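Colleague: This is the content of model_10.txt (compact mmCIF, N, CA and C atoms):
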```txt
# COMPACT_ATOMS: atom_id res chain seq x y z
N MET K 1 -15.17 27.16 -12.17
CA MET K 1 -14.22 26.24 -12.78
C MET K 1 -14.73 25.91 -14.19
N SER K 2 -13.82 25.89 -15.14
CA SER K 2 -14.19 25.59 -16.52
C SER K 2 -14.55 24.11 -16.67
N SER K 3 -15.17 23.81 -17.80
CA SER K 3 -15.52 22.41 -18.08
C SER K 3 -14.28 21.54 -18.13
N LEU K 4 -13.21 22.06 -18.76
CA LEU K 4 -11.96 21.29 -18.82
C LEU K 4 -11.39 21.09 -17.42
N GLY K 5 -11.45 22.12 -16.60
CA GLY K 5 -10.96 22.02 -15.22
C GLY K 5 -11.72 20.98 -14.44
N LYS K 6 -13.04 20.94 -14.63
CA LYS K 6 -13.86 19.93 -13.95
C LYS K 6 -13.52 18.52 -14.45
N PHE K 7 -13.30 18.42 -15.76
CA PHE K 7 -12.98 17.12 -16.34
C PHE K 7 -11.65 16.59 -15.81
N LEU K 8 -10.66 17.47 -15.66
CA LEU K 8 -9.32 17.06 -15.24
C LEU K 8 -9.14 17.06 -13.72
N ALA K 9 -10.14 17.45 -12.96
CA ALA K 9 -10.03 17.49 -11.50
C ALA K 9 -9.62 16.14 -10.95
N GLY K 10 -8.60 16.13 -10.13
CA GLY K 10 -8.13 14.89 -9.51
C GLY K 10 -7.15 14.08 -10.34
N TRP K 11 -6.93 14.47 -11.58
CA TRP K 11 -5.97 13.76 -12.41
C TRP K 11 -4.56 14.15 -12.01
N ARG K 12 -3.65 13.18 -12.12
CA ARG K 12 -2.23 13.46 -11.91
C ARG K 12 -1.44 12.48 -12.74
N PHE K 13 -0.23 12.87 -13.06
CA PHE K 13 0.63 12.01 -13.84
C PHE K 13 1.39 11.06 -12.92
N ARG K 14 1.60 9.84 -13.40
CA ARG K 14 2.41 8.89 -12.65
C ARG K 14 3.87 9.14 -12.95
N SER K 15 4.69 8.91 -11.98
CA SER K 15 6.12 9.06 -12.14
C SER K 15 6.71 7.77 -12.71
N ARG K 16 7.78 7.92 -13.50
CA ARG K 16 8.50 6.74 -13.97
C ARG K 16 9.28 6.11 -12.84
N THR K 17 9.51 6.88 -11.78
CA THR K 17 10.27 6.37 -10.64
C THR K 17 9.46 6.56 -9.36
N PRO K 18 8.41 5.74 -9.19
CA PRO K 18 7.61 5.89 -7.98
C PRO K 18 8.44 5.58 -6.73
N THR K 19 8.07 6.19 -5.63
CA THR K 19 8.72 5.94 -4.35
C THR K 19 7.74 5.23 -3.44
N PHE K 20 8.26 4.53 -2.46
CA PHE K 20 7.43 3.73 -1.57
C PHE K 20 7.89 3.92 -0.13
N GLU K 21 6.94 3.98 0.77
CA GLU K 21 7.23 4.10 2.19
C GLU K 21 7.36 2.71 2.80
N PRO K 22 8.27 2.52 3.76
CA PRO K 22 8.32 1.24 4.47
C PRO K 22 6.95 0.94 5.07
N GLY K 23 6.54 -0.30 4.94
CA GLY K 23 5.23 -0.73 5.42
C GLY K 23 4.18 -0.78 4.33
N ALA K 24 4.45 -0.13 3.18
CA ALA K 24 3.49 -0.15 2.08
C ALA K 24 3.39 -1.56 1.52
N GLU K 25 2.18 -1.99 1.23
CA GLU K 25 1.97 -3.31 0.63
C GLU K 25 1.66 -3.13 -0.85
N LEU K 26 2.31 -3.94 -1.68
CA LEU K 26 2.18 -3.84 -3.13
C LEU K 26 1.87 -5.19 -3.74
N VAL K 27 1.20 -5.17 -4.87
CA VAL K 27 1.03 -6.37 -5.69
C VAL K 27 1.75 -6.07 -7.00
N ALA K 28 2.68 -6.95 -7.37
CA ALA K 28 3.48 -6.73 -8.59
C ALA K 28 3.97 -8.08 -9.10
N TYR K 29 4.57 -8.04 -10.28
CA TYR K 29 5.15 -9.25 -10.87
C TYR K 29 6.65 -9.27 -10.68
N VAL K 30 7.20 -10.45 -10.41
CA VAL K 30 8.65 -10.64 -10.39
C VAL K 30 9.12 -10.56 -11.83
N THR K 31 10.04 -9.65 -12.11
CA THR K 31 10.49 -9.45 -13.49
C THR K 31 11.75 -10.22 -13.81
N ASP K 32 12.61 -10.42 -12.84
CA ASP K 32 13.84 -11.18 -13.08
C ASP K 32 14.50 -11.51 -11.75
N ALA K 33 15.62 -12.20 -11.84
CA ALA K 33 16.37 -12.56 -10.65
C ALA K 33 17.81 -12.09 -10.80
N ASP K 34 18.37 -11.66 -9.69
CA ASP K 34 19.76 -11.21 -9.66
C ASP K 34 20.45 -12.08 -8.62
N GLY K 35 21.08 -13.16 -9.06
CA GLY K 35 21.62 -14.14 -8.12
C GLY K 35 20.46 -14.88 -7.48
N GLY K 36 20.40 -14.91 -6.15
CA GLY K 36 19.30 -15.56 -5.44
C GLY K 36 18.20 -14.58 -5.06
N THR K 37 18.28 -13.36 -5.58
CA THR K 37 17.32 -12.32 -5.24
C THR K 37 16.31 -12.13 -6.35
N SER K 38 15.03 -12.14 -6.00
CA SER K 38 13.98 -11.85 -6.99
C SER K 38 13.80 -10.34 -7.08
N VAL K 39 13.50 -9.85 -8.28
CA VAL K 39 13.41 -8.41 -8.51
C VAL K 39 12.03 -8.04 -9.03
N LEU K 40 11.45 -7.00 -8.43
CA LEU K 40 10.21 -6.40 -8.90
C LEU K 40 10.58 -5.04 -9.49
N ARG K 41 10.13 -4.76 -10.69
CA ARG K 41 10.37 -3.43 -11.27
C ARG K 41 9.01 -2.76 -11.45
N ILE K 42 8.90 -1.60 -10.84
CA ILE K 42 7.69 -0.80 -10.95
C ILE K 42 8.14 0.53 -11.55
N GLY K 43 7.83 0.71 -12.82
CA GLY K 43 8.41 1.84 -13.54
C GLY K 43 9.92 1.61 -13.58
N ASP K 44 10.67 2.65 -13.26
CA ASP K 44 12.13 2.51 -13.20
C ASP K 44 12.62 2.23 -11.78
N SER K 45 11.70 2.03 -10.84
CA SER K 45 12.07 1.68 -9.48
C SER K 45 12.28 0.18 -9.38
N ARG K 46 13.18 -0.22 -8.50
CA ARG K 46 13.54 -1.64 -8.35
C ARG K 46 13.40 -2.03 -6.89
N ILE K 47 12.67 -3.12 -6.65
CA ILE K 47 12.49 -3.64 -5.30
C ILE K 47 12.94 -5.09 -5.29
N GLU K 48 13.78 -5.42 -4.32
CA GLU K 48 14.35 -6.76 -4.25
C GLU K 48 13.73 -7.56 -3.12
N LEU K 49 13.58 -8.88 -3.38
CA LEU K 49 13.11 -9.84 -2.38
C LEU K 49 14.23 -10.83 -2.10
N ASP K 50 14.42 -11.20 -0.86
CA ASP K 50 15.41 -12.23 -0.54
C ASP K 50 14.91 -13.61 -0.93
N ASP K 51 13.60 -13.78 -1.00
CA ASP K 51 13.02 -15.07 -1.37
C ASP K 51 13.14 -15.27 -2.88
N HIS K 52 13.45 -16.50 -3.29
CA HIS K 52 13.48 -16.79 -4.73
C HIS K 52 12.07 -17.11 -5.19
N VAL K 53 11.60 -16.32 -6.12
CA VAL K 53 10.28 -16.53 -6.73
C VAL K 53 10.51 -16.51 -8.24
N PRO K 54 9.95 -17.45 -8.99
CA PRO K 54 10.17 -17.48 -10.44
C PRO K 54 9.68 -16.21 -11.12
N GLU K 55 10.31 -15.88 -12.25
CA GLU K 55 9.89 -14.74 -13.05
C GLU K 55 8.44 -14.88 -13.47
N ASP K 56 7.78 -13.75 -13.71
CA ASP K 56 6.39 -13.69 -14.16
C ASP K 56 5.40 -14.22 -13.13
N THR K 57 5.79 -14.24 -11.86
CA THR K 57 4.91 -14.63 -10.78
C THR K 57 4.40 -13.37 -10.09
N GLN K 58 3.09 -13.30 -9.89
CA GLN K 58 2.51 -12.15 -9.19
C GLN K 58 2.60 -12.40 -7.69
N VAL K 59 3.08 -11.39 -6.97
CA VAL K 59 3.29 -11.51 -5.53
C VAL K 59 2.72 -10.30 -4.80
N ARG K 60 2.44 -10.50 -3.53
CA ARG K 60 2.10 -9.38 -2.64
C ARG K 60 3.27 -9.24 -1.68
N VAL K 61 3.78 -8.02 -1.54
CA VAL K 61 4.95 -7.77 -0.71
C VAL K 61 4.71 -6.58 0.20
N ARG K 62 5.55 -6.48 1.25
CA ARG K 62 5.56 -5.31 2.13
C ARG K 62 6.96 -4.69 2.02
N VAL K 63 6.99 -3.41 1.68
CA VAL K 63 8.25 -2.69 1.54
C VAL K 63 8.89 -2.55 2.93
N THR K 64 10.17 -2.93 3.04
CA THR K 64 10.88 -2.80 4.31
C THR K 64 11.87 -1.64 4.30
N ALA K 65 12.34 -1.26 3.11
CA ALA K 65 13.27 -0.13 2.98
C ALA K 65 13.19 0.39 1.55
N PHE K 66 13.34 1.71 1.38
CA PHE K 66 13.36 2.28 0.05
C PHE K 66 14.18 3.56 0.07
N ASP K 67 15.09 3.69 -0.90
CA ASP K 67 15.95 4.86 -1.04
C ASP K 67 15.45 5.69 -2.22
N ASP K 68 14.88 6.86 -1.93
CA ASP K 68 14.34 7.73 -2.98
C ASP K 68 15.42 8.20 -3.95
N ALA K 69 16.65 8.34 -3.49
CA ALA K 69 17.73 8.85 -4.33
C ALA K 69 18.13 7.86 -5.42
N THR K 70 18.10 6.57 -5.10
CA THR K 70 18.51 5.54 -6.07
C THR K 70 17.33 4.79 -6.66
N ASN K 71 16.14 5.01 -6.11
CA ASN K 71 14.93 4.31 -6.53
C ASN K 71 15.07 2.80 -6.39
N ARG K 72 15.71 2.39 -5.31
CA ARG K 72 15.88 0.97 -5.01
C ARG K 72 15.38 0.69 -3.61
N GLY K 73 14.81 -0.50 -3.45
CA GLY K 73 14.31 -0.86 -2.14
C GLY K 73 14.32 -2.35 -1.90
N GLU K 74 13.85 -2.71 -0.74
CA GLU K 74 13.75 -4.11 -0.34
C GLU K 74 12.35 -4.37 0.19
N ALA K 75 11.91 -5.60 0.07
CA ALA K 75 10.57 -5.95 0.56
C ALA K 75 10.57 -7.38 1.05
N GLU K 76 9.57 -7.69 1.88
CA GLU K 76 9.37 -9.06 2.34
C GLU K 76 8.17 -9.64 1.62
N LEU K 77 8.28 -10.90 1.28
CA LEU K 77 7.22 -11.61 0.57
C LEU K 77 6.08 -11.92 1.53
N LEU K 78 4.86 -11.54 1.15
CA LEU K 78 3.68 -11.85 1.96
C LEU K 78 2.90 -13.01 1.37
N ASP K 79 2.79 -13.04 0.03
CA ASP K 79 1.97 -14.07 -0.60
C ASP K 79 2.34 -14.21 -2.07
N VAL K 80 2.28 -15.42 -2.56
CA VAL K 80 2.42 -15.68 -4.00
C VAL K 80 1.02 -15.82 -4.55
N LEU K 81 0.68 -14.96 -5.53
CA LEU K 81 -0.69 -14.92 -6.02
C LEU K 81 -0.92 -15.75 -7.27
N GLY K 82 0.12 -16.01 -8.03
CA GLY K 82 -0.05 -16.83 -9.22
C GLY K 82 0.97 -16.48 -10.29
N THR K 83 0.91 -17.20 -11.38
CA THR K 83 1.85 -17.02 -12.48
C THR K 83 1.12 -16.42 -13.67
N ALA K 84 1.79 -15.51 -14.34
CA ALA K 84 1.20 -14.88 -15.52
C ALA K 84 1.03 -15.92 -16.63
N THR K 85 -0.03 -15.79 -17.37
CA THR K 85 -0.24 -16.66 -18.54
C THR K 85 -0.29 -15.78 -19.76
N PHE K 86 0.79 -15.81 -20.52
CA PHE K 86 0.90 -14.97 -21.71
C PHE K 86 0.66 -15.78 -22.95
```
Would you write out, as structure tokens, the structure that this file holds?

Modeller:
Amino acid sequence: MSSLGKFLAGWRFRSRTPTFEPGAELVAYVTDADGGTSVLRIGDSRIELDDHVPEDTQVRVRVTAFDDATNRGEAELLDVLGTATF
């Protein structure tokens, strides 16, 4: 294996539209609200929570459903971790 090959071993590019399996636990920030639904955006993927959590709040969630074709999913709130300080 070349030096460059060794250097790049294990590297991979992240997708703009990551997918998630039901049961996956994530830590992310609430980016906005759509009605009474809080929204997490991870790349171009969108995950909705039924719980109202203020924007810029970091949360831990468990994915309950995700559609790879539309890059949209739903999750349940596990924990509120804090608010971003910008």

Colleague: Region 10-74 of chain K near region 80-85 of chain K within 7 Å: what's each residue's closest atom pair and its distance in Å to one decimal, counting only N, CA and C atoms, ordered by chain then ascending residue number, as CSV?

Modeller:
```
residue,atom,partner,partner_atom,distance
K:Glu55,C,K:Ala84,N,6.7
K:Asp56,C,K:Ala84,N,4.0
K:Thr57,CA,K:Thr83,CA,4.2
K:Gln58,N,K:Gly82,C,3.8
K:Val59,CA,K:Leu81,N,4.3
K:Arg60,N,K:Val80,N,5.0
```

Colleague: Rank nothing, just name the residue among K:Thr17, K:Asp68, K:Gly5, K:Ala75 nearest to Gly43 (chain K), using only C-alpha atoms.

Modeller: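 Of all the options, K:Thr17 lies closest to Gly43 (chain K).
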
Colleague: Suppose you want the space between CA of Val61 (chain K) and CA of Glu25 (chain K); what is it in Å?

Modeller: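 Computing the Euclidean distance for CA of Val61 (chain K) and CA of Glu25 (chain K) yields 5.5 Å.
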
Colleague: Closest to Gly35 (chain K) among K:Pro22, K:Arg72, K:Thr64, K:Leu49, using only C-alpha atoms?

Modeller: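 Answer, going by the shortest atom-to-atom distance: K:Leu49.
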
Colleague: For a test of reading the model, state the distance in Å between atom N of Asp51 (chain K) and atom C of Arg16 (chain K), rounded to one decimal.

Modeller: 23.5 Å

Colleague: Nearest residue to Tyr29 (chain K) out of K:Ser45, K:Pro54, K:Phe66, K:Ala9, using only N, CA and C atoms?

Modeller: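 Closest residue, counting only N, CA and C atoms: K:Pro54.
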
Colleague: For atom N of Leu78 (chain K) and CA of Thr19 (chain K), quote the distance in Å rounded to one decimal.

Modeller: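 These two atoms are separated by 18.7 Å.
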
Colleague: Give me, as a ChimeraX atom specification, all polymer residues having an atom no more than 8 Å from Ile47 (chain K), counting all atoms listed in the file and skipping those fewer than 6 positions away in the same chain.

Modeller: /K:37-41,65,71-75

Colleague: With N, CA and C atoms retained, could you export that selection as a PDB file, keeping the file's coordinate frame?

Modeller:
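Here's the written file again25.pdb:
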```
ATOM      1  N   THR K  37      18.280 -13.360  -5.580  1.00  0.00           N
ATOM      2  CA  THR K  37      17.320 -12.320  -5.240  1.00  0.00           C
ATOM      3  C   THR K  37      16.310 -12.130  -6.350  1.00  0.00           C
ATOM      4  N   SER K  38      15.030 -12.140  -6.000  1.00  0.00           N
ATOM      5  CA  SER K  38      13.980 -11.850  -6.990  1.00  0.00           C
ATOM      6  C   SER K  38      13.800 -10.340  -7.080  1.00  0.00           C
ATOM      7  N   VAL K  39      13.500  -9.850  -8.280  1.00  0.00           N
ATOM      8  CA  VAL K  39      13.410  -8.410  -8.510  1.00  0.00           C
ATOM      9  C   VAL K  39      12.030  -8.040  -9.030  1.00  0.00           C
ATOM     10  N   LEU K  40      11.450  -7.000  -8.430  1.00  0.00           N
ATOM     11  CA  LEU K  40      10.210  -6.400  -8.900  1.00  0.00           C
ATOM     12  C   LEU K  40      10.580  -5.040  -9.490  1.00  0.00           C
ATOM     13  N   ARG K  41      10.130  -4.760 -10.690  1.00  0.00           N
ATOM     14  CA  ARG K  41      10.370  -3.430 -11.270  1.00  0.00           C
ATOM     15  C   ARG K  41       9.010  -2.760 -11.450  1.00  0.00           C
ATOM     16  N   ALA K  65      12.340  -1.260   3.110  1.00  0.00           N
ATOM     17  CA  ALA K  65      13.270  -0.130   2.980  1.00  0.00           C
ATOM     18  C   ALA K  65      13.190   0.390   1.550  1.00  0.00           C
ATOM     19  N   ASN K  71      16.140   5.010  -6.110  1.00  0.00           N
ATOM     20  CA  ASN K  71      14.930   4.310  -6.530  1.00  0.00           C
ATOM     21  C   ASN K  71      15.070   2.800  -6.390  1.00  0.00           C
ATOM     22  N   ARG K  72      15.710   2.390  -5.310  1.00  0.00           N
ATOM     23  CA  ARG K  72      15.880   0.970  -5.010  1.00  0.00           C
ATOM     24  C   ARG K  72      15.380   0.690  -3.610  1.00  0.00           C
ATOM     25  N   GLY K  73      14.810  -0.500  -3.450  1.00  0.00           N
ATOM     26  CA  GLY K  73      14.310  -0.860  -2.140  1.00  0.00           C
ATOM     27  C   GLY K  73      14.320  -2.350  -1.900  1.00  0.00           C
ATOM     28  N   GLU K  74      13.850  -2.710  -0.740  1.00  0.00           N
ATOM     29  CA  GLU K  74      13.750  -4.110  -0.340  1.00  0.00           C
ATOM     30  C   GLU K  74      12.350  -4.370   0.190  1.00  0.00           C
ATOM     31  N   ALA K  75      11.910  -5.600   0.070  1.00  0.00           N
ATOM     32  CA  ALA K  75      10.570  -5.950   0.560  1.00  0.00           C
ATOM     33  C   ALA K  75      10.570  -7.380   1.050  1.00  0.00           C
TER      34      ALA K  75
END
```

Colleague: Would you please extract all strand (DSSP E) residues from region 31-60 of chain K, as assigned by DSSP on the backbone, and give them as a PDB file with N, CA and C atoms, in the coordinates of the input?

Modeller:
```pdb
ATOM      1  N   THR K  31      10.040  -9.650 -12.110  1.00  0.00           N
ATOM      2  CA  THR K  31      10.490  -9.450 -13.490  1.00  0.00           C
ATOM      3  C   THR K  31      11.750 -10.220 -13.810  1.00  0.00           C
ATOM      4  N   ASP K  32      12.610 -10.420 -12.840  1.00  0.00           N
ATOM      5  CA  ASP K  32      13.840 -11.180 -13.080  1.00  0.00           C
ATOM      6  C   ASP K  32      14.500 -11.510 -11.750  1.00  0.00           C
ATOM      7  N   ALA K  33      15.620 -12.200 -11.840  1.00  0.00           N
ATOM      8  CA  ALA K  33      16.370 -12.560 -10.650  1.00  0.00           C
ATOM      9  C   ALA K  33      17.810 -12.090 -10.800  1.00  0.00           C
ATOM     10  N   ASP K  34      18.370 -11.660  -9.690  1.00  0.00           N
ATOM     11  CA  ASP K  34      19.760 -11.210  -9.660  1.00  0.00           C
ATOM     12  C   ASP K  34      20.450 -12.080  -8.620  1.00  0.00           C
ATOM     13  N   THR K  37      18.280 -13.360  -5.580  1.00  0.00           N
ATOM     14  CA  THR K  37      17.320 -12.320  -5.240  1.00  0.00           C
ATOM     15  C   THR K  37      16.310 -12.130  -6.350  1.00  0.00           C
ATOM     16  N   SER K  38      15.030 -12.140  -6.000  1.00  0.00           N
ATOM     17  CA  SER K  38      13.980 -11.850  -6.990  1.00  0.00           C
ATOM     18  C   SER K  38      13.800 -10.340  -7.080  1.00  0.00           C
ATOM     19  N   VAL K  39      13.500  -9.850  -8.280  1.00  0.00           N
ATOM     20  CA  VAL K  39      13.410  -8.410  -8.510  1.00  0.00           C
ATOM     21  C   VAL K  39      12.030  -8.040  -9.030  1.00  0.00           C
ATOM     22  N   LEU K  40      11.450  -7.000  -8.430  1.00  0.00           N
ATOM     23  CA  LEU K  40      10.210  -6.400  -8.900  1.00  0.00           C
ATOM     24  C   LEU K  40      10.580  -5.040  -9.490  1.00  0.00           C
ATOM     25  N   ARG K  41      10.130  -4.760 -10.690  1.00  0.00           N
ATOM     26  CA  ARG K  41      10.370  -3.430 -11.270  1.00  0.00           C
ATOM     27  C   ARG K  41       9.010  -2.760 -11.450  1.00  0.00           C
ATOM     28  N   ILE K  42       8.900  -1.600 -10.840  1.00  0.00           N
ATOM     29  CA  ILE K  42       7.690  -0.800 -10.950  1.00  0.00           C
ATOM     30  C   ILE K  42       8.140   0.530 -11.550  1.00  0.00           C
ATOM     31  N   SER K  45      11.700   2.030 -10.840  1.00  0.00           N
ATOM     32  CA  SER K  45      12.070   1.680  -9.480  1.00  0.00           C
ATOM     33  C   SER K  45      12.280   0.180  -9.380  1.00  0.00           C
ATOM     34  N   ARG K  46      13.180  -0.220  -8.500  1.00  0.00           N
ATOM     35  CA  ARG K  46      13.540  -1.640  -8.350  1.00  0.00           C
ATOM     36  C   ARG K  46      13.400  -2.030  -6.890  1.00  0.00           C
ATOM     37  N   ILE K  47      12.670  -3.120  -6.650  1.00  0.00           N
ATOM     38  CA  ILE K  47      12.490  -3.640  -5.300  1.00  0.00           C
ATOM     39  C   ILE K  47      12.940  -5.090  -5.290  1.00  0.00           C
ATOM     40  N   GLU K  48      13.780  -5.420  -4.320  1.00  0.00           N
ATOM     41  CA  GLU K  48      14.350  -6.760  -4.250  1.00  0.00           C
ATOM     42  C   GLU K  48      13.730  -7.560  -3.120  1.00  0.00           C
ATOM     43  N   LEU K  49      13.580  -8.880  -3.380  1.00  0.00           N
ATOM     44  CA  LEU K  49      13.110  -9.840  -2.380  1.00  0.00           C
ATOM     45  C   LEU K  49      14.230 -10.830  -2.100  1.00  0.00           C
ATOM     46  N   THR K  57       5.790 -14.240 -11.860  1.00  0.00           N
ATOM     47  CA  THR K  57       4.910 -14.630 -10.780  1.00  0.00           C
ATOM     48  C   THR K  57       4.400 -13.370 -10.090  1.00  0.00           C
ATOM     49  N   GLN K  58       3.090 -13.300  -9.890  1.00  0.00           N
ATOM     50  CA  GLN K  58       2.510 -12.150  -9.190  1.00  0.00           C
ATOM     51  C   GLN K  58       2.600 -12.400  -7.690  1.00  0.00           C
ATOM     52  N   VAL K  59       3.080 -11.390  -6.970  1.00  0.00           N
ATOM     53  CA  VAL K  59       3.290 -11.510  -5.530  1.00  0.00           C
ATOM     54  C   VAL K  59       2.720 -10.300  -4.800  1.00  0.00           C
ATOM     55  N   ARG K  60       2.440 -10.500  -3.530  1.00  0.00           N
ATOM     56  CA  ARG K  60       2.100  -9.380  -2.640  1.00  0.00           C
ATOM     57  C   ARG K  60       3.270  -9.240  -1.680  1.00  0.00           C
TER      58      ARG K  60
END
```

Colleague: From chain K, collect each residue whose DSSP state is alpha helix (DSSP H) and return the set as a PyMOL selection string.

Modeller: chain K and resi 3-8

Colleague: So which one's closest to Val63 (chain K), K:Asp50, K:Asp32, K:Asp79, K:Glu21? Using all atoms listed in the file, please.

Modeller: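 Between K:Asp50, K:Asp32, K:Asp79, K:Glu21, the residue approaching Val63 (chain K) most closely is K:Glu21.
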
Colleague: Find the residue from K:Ser2, K:Val53, K:Phe7, K:Glu76 that sits nearest to Thr31 (chain K); use all atoms listed in the file when measuring.

Modeller: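 Comparing K:Ser2, K:Val53, K:Phe7, K:Glu76 against Thr31 (chain K), the winner is K:Val53.
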
Colleague: Draw an axis-aligned box tight on the listed atoms of region 2-6 of chain K, then pad every side by 6 Å and write out centre and edge lengths in Å to one decimal as JSON.

Modeller:
```
{"center_x": -13.2, "center_y": 22.2, "center_z": -16.4, "size_x": 16.6, "size_y": 19.4, "size_z": 16.9}
```

Colleague: Please write region 2-9 of chain K of the preceding block to a file containing all heavy atoms, as a PDB file, in the first residue's frame?

Modeller:
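Output saved as out_16.pdb:
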```
ATOM      1  N   SER K   2       0.538   2.211  -0.805  1.00  0.00           N
ATOM      2  CA  SER K   2       1.322   3.446  -0.884  1.00  0.00           C
ATOM      3  C   SER K   2       1.156   4.277   0.389  1.00  0.00           C
ATOM      4  O   SER K   2       0.253   4.049   1.189  1.00  0.00           O
ATOM      5  CB  SER K   2       0.871   4.270  -2.090  1.00  0.00           C
ATOM      6  OG  SER K   2      -0.415   4.803  -1.851  1.00  0.00           O
ATOM      7  N   SER K   3       2.042   5.249   0.535  1.00  0.00           N
ATOM      8  CA  SER K   3       1.951   6.144   1.695  1.00  0.00           C
ATOM      9  C   SER K   3       0.627   6.887   1.708  1.00  0.00           C
ATOM     10  O   SER K   3       0.004   7.049   2.755  1.00  0.00           O
ATOM     11  CB  SER K   3       3.098   7.154   1.677  1.00  0.00           C
ATOM     12  OG  SER K   3       4.320   6.497   1.845  1.00  0.00           O
ATOM     13  N   LEU K   4       0.187   7.341   0.515  1.00  0.00           N
ATOM     14  CA  LEU K   4      -1.103   8.040   0.440  1.00  0.00           C
ATOM     15  C   LEU K   4      -2.238   7.097   0.807  1.00  0.00           C
ATOM     16  O   LEU K   4      -3.161   7.472   1.536  1.00  0.00           O
ATOM     17  CB  LEU K   4      -1.331   8.627  -0.955  1.00  0.00           C
ATOM     18  CG  LEU K   4      -2.641   9.377  -1.152  1.00  0.00           C
ATOM     19  CD1 LEU K   4      -2.733  10.556  -0.183  1.00  0.00           C
ATOM     20  CD2 LEU K   4      -2.787   9.847  -2.584  1.00  0.00           C
ATOM     21  N   GLY K   5      -2.170   5.866   0.338  1.00  0.00           N
ATOM     22  CA  GLY K   5      -3.196   4.872   0.666  1.00  0.00           C
ATOM     23  C   GLY K   5      -3.271   4.617   2.154  1.00  0.00           C
ATOM     24  O   GLY K   5      -4.350   4.494   2.731  1.00  0.00           O
ATOM     25  N   LYS K   6      -2.106   4.541   2.802  1.00  0.00           N
ATOM     26  CA  LYS K   6      -2.078   4.346   4.252  1.00  0.00           C
ATOM     27  C   LYS K   6      -2.657   5.558   4.978  1.00  0.00           C
ATOM     28  O   LYS K   6      -3.386   5.420   5.960  1.00  0.00           O
ATOM     29  CB  LYS K   6      -0.644   4.095   4.719  1.00  0.00           C
ATOM     30  CG  LYS K   6      -0.102   2.769   4.305  1.00  0.00           C
ATOM     31  CD  LYS K   6       1.336   2.613   4.759  1.00  0.00           C
ATOM     32  CE  LYS K   6       1.933   1.316   4.256  1.00  0.00           C
ATOM     33  NZ  LYS K   6       3.339   1.183   4.648  1.00  0.00           N
ATOM     34  N   PHE K   7      -2.316   6.744   4.469  1.00  0.00           N
ATOM     35  CA  PHE K   7      -2.805   7.970   5.090  1.00  0.00           C
ATOM     36  C   PHE K   7      -4.326   8.072   5.005  1.00  0.00           C
ATOM     37  O   PHE K   7      -4.988   8.484   5.954  1.00  0.00           O
ATOM     38  CB  PHE K   7      -2.168   9.194   4.422  1.00  0.00           C
ATOM     39  CG  PHE K   7      -2.632  10.509   4.968  1.00  0.00           C
ATOM     40  CD1 PHE K   7      -2.222  10.940   6.219  1.00  0.00           C
ATOM     41  CD2 PHE K   7      -3.491  11.320   4.247  1.00  0.00           C
ATOM     42  CE1 PHE K   7      -2.651  12.153   6.738  1.00  0.00           C
ATOM     43  CE2 PHE K   7      -3.922  12.527   4.756  1.00  0.00           C
ATOM     44  CZ  PHE K   7      -3.504  12.948   6.003  1.00  0.00           C
ATOM     45  N   LEU K   8      -4.894   7.674   3.869  1.00  0.00           N
ATOM     46  CA  LEU K   8      -6.338   7.804   3.642  1.00  0.00           C
ATOM     47  C   LEU K   8      -7.131   6.582   4.093  1.00  0.00           C
ATOM     48  O   LEU K   8      -8.358   6.584   3.992  1.00  0.00           O
ATOM     49  CB  LEU K   8      -6.613   8.072   2.160  1.00  0.00           C
ATOM     50  CG  LEU K   8      -6.048   9.380   1.606  1.00  0.00           C
ATOM     51  CD1 LEU K   8      -6.304   9.473   0.116  1.00  0.00           C
ATOM     52  CD2 LEU K   8      -6.623  10.582   2.338  1.00  0.00           C
ATOM     53  N   ALA K   9      -6.478   5.553   4.600  1.00  0.00           N
ATOM     54  CA  ALA K   9      -7.172   4.343   5.034  1.00  0.00           C
ATOM     55  C   ALA K   9      -8.234   4.676   6.073  1.00  0.00           C
ATOM     56  O   ALA K   9      -7.979   5.364   7.060  1.00  0.00           O
ATOM     57  CB  ALA K   9      -6.175   3.341   5.605  1.00  0.00           C
TER      58      ALA K   9
END
```
